[in-house]
$ cat model07.pdb   # PDB, C-alpha atoms
ATOM      1  CA  MET A  40     286.436  51.714 115.159
ATOM      2  CA  GLY A  41     283.660  49.244 114.321
ATOM      3  CA  GLY A  42     284.886  46.814 116.995
ATOM      4  CA  ALA A  43     284.768  49.457 119.748
ATOM      5  CA  THR A  44     281.015  50.110 119.467
ATOM      6  CA  PRO A  45     279.873  46.639 120.674
ATOM      7  CA  PHE A  46     282.376  46.926 123.550
ATOM      8  CA  ILE A  47     280.955  50.313 124.627
ATOM      9  CA  VAL A  48     277.395  48.977 124.414
ATOM     10  CA  ALA A  49     278.372  45.939 126.503
ATOM     11  CA  VAL A  50     280.019  48.170 129.141
ATOM     12  CA  LEU A  51     276.909  50.370 129.284
ATOM     13  CA  ILE A  52     274.615  47.345 129.657
ATOM     14  CA  VAL A  53     276.749  45.905 132.459
ATOM     15  CA  GLY A  54     276.843  49.324 134.145
ATOM     16  CA  VAL A  55     273.053  49.652 134.005
ATOM     17  CA  MET A  56     272.642  46.120 135.362
ATOM     18  CA  ILE A  57     274.968  46.886 138.278
ATOM     19  CA  LEU A  58     273.082  50.117 139.025
ATOM     20  CA  VAL A  59     269.718  48.323 138.990
ATOM     21  CA  ALA A  60     271.075  45.581 141.269
ATOM     22  CA  MET A  61     272.413  48.175 143.711
ATOM     23  CA  MET A  62     269.086  50.003 143.793
ATOM     24  CA  MET A  63     267.159  46.797 144.415
ATOM     25  CA  THR A  64     269.381  45.648 147.272
ATOM     26  CA  LYS A  65     269.718  49.068 148.936
ATOM     27  CA  LYS A  66     267.907  49.382 152.237
ATOM     28  CA  ARG A  67     264.904  51.657 152.075
ATOM     29  CA  GLN A  68     265.657  55.063 153.469
ATOM     30  CA  TYR A  69     263.124  56.243 156.036
ATOM     31  CA  ARG A  70     261.555  59.606 155.207
ATOM     32  CA  PHE A  71     261.185  61.928 158.170
ATOM     33  CA  SER A  72     259.139  65.078 158.422
ATOM     34  CA  VAL A  73     262.395  67.052 158.452
ATOM     35  CA  GLU A  74     260.680  70.389 159.053
ATOM     36  CA  LYS A  75     258.962  69.016 162.171
ATOM     37  CA  TYR A  76     262.227  67.656 163.583
ATOM     38  CA  GLN A  77     264.164  70.823 162.711
ATOM     39  CA  THR A  78     261.539  73.003 164.401
ATOM     40  CA  ARG A  79     261.472  70.802 167.497
ATOM     41  CA  PHE A  80     265.263  70.677 167.764
ATOM     42  CA  LEU A  81     265.561  74.446 167.287
ATOM     43  CA  THR A  82     263.048  74.936 170.103
ATOM     44  CA  ILE A  83     265.148  72.702 172.368
ATOM     45  CA  GLU A  84     268.377  74.433 171.338
ATOM     46  CA  ASN A  85     266.907  77.904 171.930
ATOM     47  CA  SER A  86     265.644  76.921 175.382
ATOM     48  CA  LEU A  87     269.224  76.374 176.607
ATOM     49  CA  LEU A  88     269.998  79.575 178.500
ATOM     50  CA  LYS A  89     273.512  80.244 179.787
ATOM     51  CA  ASP A  90     272.268  82.102 182.870
ATOM     52  CA  ASN A  91     269.577  79.548 183.806
ATOM     53  CA  SER A  92     270.949  76.236 185.087
ATOM     54  CA  ALA A  93     267.450  74.734 185.178
ATOM     55  CA  THR A  94     267.520  74.700 181.365
ATOM     56  CA  PHE A  95     270.713  72.634 181.221
ATOM     57  CA  MET A  96     269.125  69.384 182.376
ATOM     58  CA  LYS A  97     265.863  69.921 180.486
ATOM     59  CA  THR A  98     267.539  70.472 177.122
ATOM     60  CA  VAL A  99     269.681  67.335 177.457
ATOM     61  CA  ILE A 100     266.648  65.229 178.358
ATOM     62  CA  ASP A 101     264.559  66.769 175.550
ATOM     63  CA  GLY A 102     267.343  66.229 172.989
ATOM     64  CA  ASP A 103     267.607  62.603 174.038
ATOM     65  CA  LYS A 104     263.822  62.158 173.758
ATOM     66  CA  LEU A 105     263.795  63.625 170.255
ATOM     67  CA  LEU A 106     266.578  61.313 169.088
ATOM     68  CA  ASP A 107     264.810  58.327 170.648
ATOM     69  CA  LYS A 108     261.578  59.323 168.902
ATOM     70  CA  ALA A 109     263.390  59.423 165.551
ATOM     71  CA  MET A 110     264.913  55.997 166.193
ATOM     72  CA  MET A 111     261.512  54.537 167.096
ATOM     73  CA  GLU A 112     259.950  56.148 164.034
ATOM     74  CA  MET A 113     262.599  54.435 161.880
ATOM     75  CA  GLY A 114     261.596  51.115 163.403
ATOM     76  CA  ILE A 115     264.903  50.455 165.151
ATOM     77  CA  PRO A 116     264.196  47.557 167.529
ATOM     78  CA  GLY A 117     264.522  47.774 171.294
ATOM     79  CA  LYS A 118     262.488  48.345 174.441
ATOM     80  CA  ASN A 119     264.397  51.516 175.286
ATOM     81  CA  MET A 120     266.916  53.876 173.765
ATOM     82  CA  GLY A 121     269.881  51.907 175.072
ATOM     83  CA  GLU A 122     268.698  48.802 173.240
ATOM     84  CA  ARG A 123     267.975  50.836 170.108
ATOM     85  CA  LEU A 124     271.503  52.282 170.230
ATOM     86  CA  LYS A 125     272.930  48.760 170.327
ATOM     87  CA  HIS A 126     271.126  48.083 167.031
ATOM     88  CA  SER A 127     272.316  51.368 165.488
ATOM     89  CA  LYS A 128     276.100  51.192 165.457
ATOM     90  CA  ASP A 129     276.290  51.788 161.714
ATOM     91  CA  LYS A 130     273.823  54.690 161.669
ATOM     92  CA  PHE A 131     275.894  57.326 163.471
ATOM     93  CA  THR A 132     279.171  59.022 162.617
ATOM     94  CA  ASP A 133     280.201  58.772 166.284
ATOM     95  CA  ILE A 134     278.213  56.159 168.197
ATOM     96  CA  ASN A 135     280.457  56.630 171.249
ATOM     97  CA  ALA A 136     279.498  60.306 171.473
ATOM     98  CA  VAL A 137     275.808  59.386 171.252
ATOM     99  CA  TRP A 138     276.318  56.874 174.067
ATOM    100  CA  ARG A 139     278.060  59.560 176.192
ATOM    101  CA  ALA A 140     275.187  61.993 175.699
ATOM    102  CA  HIS A 141     272.627  59.292 176.481
ATOM    103  CA  LYS A 142     274.516  58.247 179.630
ATOM    104  CA  LEU A 143     274.535  61.901 180.731
ATOM    105  CA  ARG A 144     270.776  61.996 180.203
ATOM    106  CA  ASN A 145     270.364  58.823 182.277
ATOM    107  CA  ALA A 146     272.477  60.261 185.077
ATOM    108  CA  LEU A 147     270.379  63.441 185.055
ATOM    109  CA  ALA A 148     267.162  61.453 185.139
ATOM    110  CA  HIS A 149     268.219  59.102 187.942
ATOM    111  CA  GLU A 150     270.582  61.069 190.190
ATOM    112  CA  ASP A 151     268.751  63.713 192.210
ATOM    113  CA  ASP A 152     271.701  65.913 193.084
ATOM    114  CA  LEU A 153     273.554  65.850 189.752
ATOM    115  CA  GLU A 154     274.228  69.229 188.210
ATOM    116  CA  ILE A 155     275.825  69.887 184.844
ATOM    117  CA  THR A 156     277.422  72.922 183.282
ATOM    118  CA  TYR A 157     276.185  74.979 180.370
ATOM    119  CA  ARG A 158     279.075  73.602 178.315
ATOM    120  CA  GLN A 159     278.098  69.980 179.058
ATOM    121  CA  ALA A 160     274.529  70.672 177.971
ATOM    122  CA  GLN A 161     275.765  72.460 174.850
ATOM    123  CA  THR A 162     278.030  69.521 173.969
ATOM    124  CA  ALA A 163     275.234  66.988 174.480
ATOM    125  CA  LEU A 164     272.936  69.026 172.229
ATOM    126  CA  ALA A 165     275.609  69.167 169.527
ATOM    127  CA  ILE A 166     275.889  65.375 169.710
ATOM    128  CA  TYR A 167     272.111  64.940 169.451
ATOM    129  CA  LYS A 168     272.022  67.357 166.519
ATOM    130  CA  GLN A 169     274.656  65.369 164.631
ATOM    131  CA  ALA A 170     272.898  62.117 165.455
ATOM    132  CA  LEU A 171     269.613  63.475 164.091
ATOM    133  CA  LYS A 172     271.452  64.596 160.958
ATOM    134  CA  ASP A 173     272.989  61.129 160.636
ATOM    135  CA  LEU A 174     269.493  59.606 160.669
ATOM    136  CA  GLY A 175     268.198  62.154 158.165
ATOM    137  CA  ALA A 176     265.709  63.653 160.608
ATOM    138  CA  ILE A 177     267.181  67.156 160.353
TER     139      ILE A 177
END
$ encode --input "model07.pdb" --output "structure tokens"
Amino acid sequence: MGGATPFIVAVLIVGVMILVAMMMTKKRQYRFSVEKYQTRFLTIENSLLKDNSATFMKTVIDGDKLLDKAMMEMGIPGKNMGERLKHSKDKFTDINAVWRAHKLRNALAHEDDLEITYRQAQTALAIYKQALKDLGAI
């Protein structure tokens, strides 16, 4: 049994050294004001009204703005959200979904006669919600 003790101590020392090395090399996690983002997102979510098509476009645009604000707050580089998304591939569970929601927002902002359904707005909001969760904002 006497020979096992130095082995256990050595394993513990190596384990602690590995843990310290991992902590030192880990990227710093940005700390959001989660309550502020949750409140803002809930306001956006609650403003989506099934019987009011005017709310469909507004909620998609507002959800996109909130996600972009979180990305800027994290210091993700880029002149616009599209550029920031290109630098964020590893930050989201489904980057393609985030791109789809953002492209819908762009279409709404730039095409005068585009109308979307309640379901499309609901889906886009769900994507923005997950993206904000992925970033740690909500």
$ atom_distance --input "model07.pdb" --atom1 "atom CA of Ala140 of chain A" --atom2 "atom CA of Ala163 of chain A"
5.1 Å
$ atom_distance --input "model07.pdb" --atom1 "atom CA of Ile57 of chain A" --atom2 "atom CA of Thr44 of chain A"
20.0 Å
$ residues_around --input "model07.pdb" --residues "Lys142 of chain A" --least-positions-apart "4" --cutoff "12 Å" --atoms "all atoms listed in the file" --output "compact mmCIF listing (two decimals) with C-alpha atoms, in the coordinates of the input"
# COMPACT_ATOMS: atom_id res chain seq x y z
CA VAL A 99 269.68 67.33 177.46
CA ILE A 100 266.65 65.23 178.36
CA ASP A 103 267.61 62.60 174.04
CA MET A 120 266.92 53.88 173.76
CA GLY A 121 269.88 51.91 175.07
CA LEU A 124 271.50 52.28 170.23
CA ASN A 135 280.46 56.63 171.25
CA ALA A 136 279.50 60.31 171.47
CA VAL A 137 275.81 59.39 171.25
CA TRP A 138 276.32 56.87 174.07
CA ALA A 146 272.48 60.26 185.08
CA LEU A 147 270.38 63.44 185.06
CA ALA A 148 267.16 61.45 185.14
CA HIS A 149 268.22 59.10 187.94
CA GLU A 150 270.58 61.07 190.19
CA ALA A 163 275.23 66.99 174.48
$ resolve_selection --input "model07.pdb" --expression "the PyMOL selection byres ((chain A and resi 71) around 10)" --output "NGL selection string"
:A and (68-70 or 72-76 or 109 or 112-113 or 174-177)
$ atom_distance --input "model07.pdb" --atom1 "atom CA of Lys172 of chain A" --atom2 "atom CA of Thr156 of chain A"
24.6 Å
$ resolve_selection --input "model07.pdb" --expression "the PyMOL selection byres ((chain A and resi 88-96) around 9)" --output "list in words"
Glu84, Asn85, Ser86, Leu87, Lys97, Thr98, Val99, Ile100, Asp101, Arg144, Leu147, Ala148, Glu154, Ile155, Thr156, Tyr157, Arg158, Gln159, Ala160 and Gln161 of chain A
$ residues_around --input "model07.pdb" --residues "Glu122 of chain A" --least-positions-apart "3" --cutoff "12 Å" --atoms "all atoms listed in the file" --output "ChimeraX atom specification"
/A:107,110-111,115-119,125-128,138,141
$ closest_residue --input "model07.pdb" --among "A:Arg79, A:Asp129, A:Asn145, A:Arg139" --to "Lys108 of chain A" --atoms "only C-alpha atoms"
A:Arg79
$ closest_residue --input "model07.pdb" --among "A:Thr162, A:Gly114, A:Asp152, A:Gln169" --to "Ile134 of chain A" --atoms "all atoms listed in the file"
A:Gln169
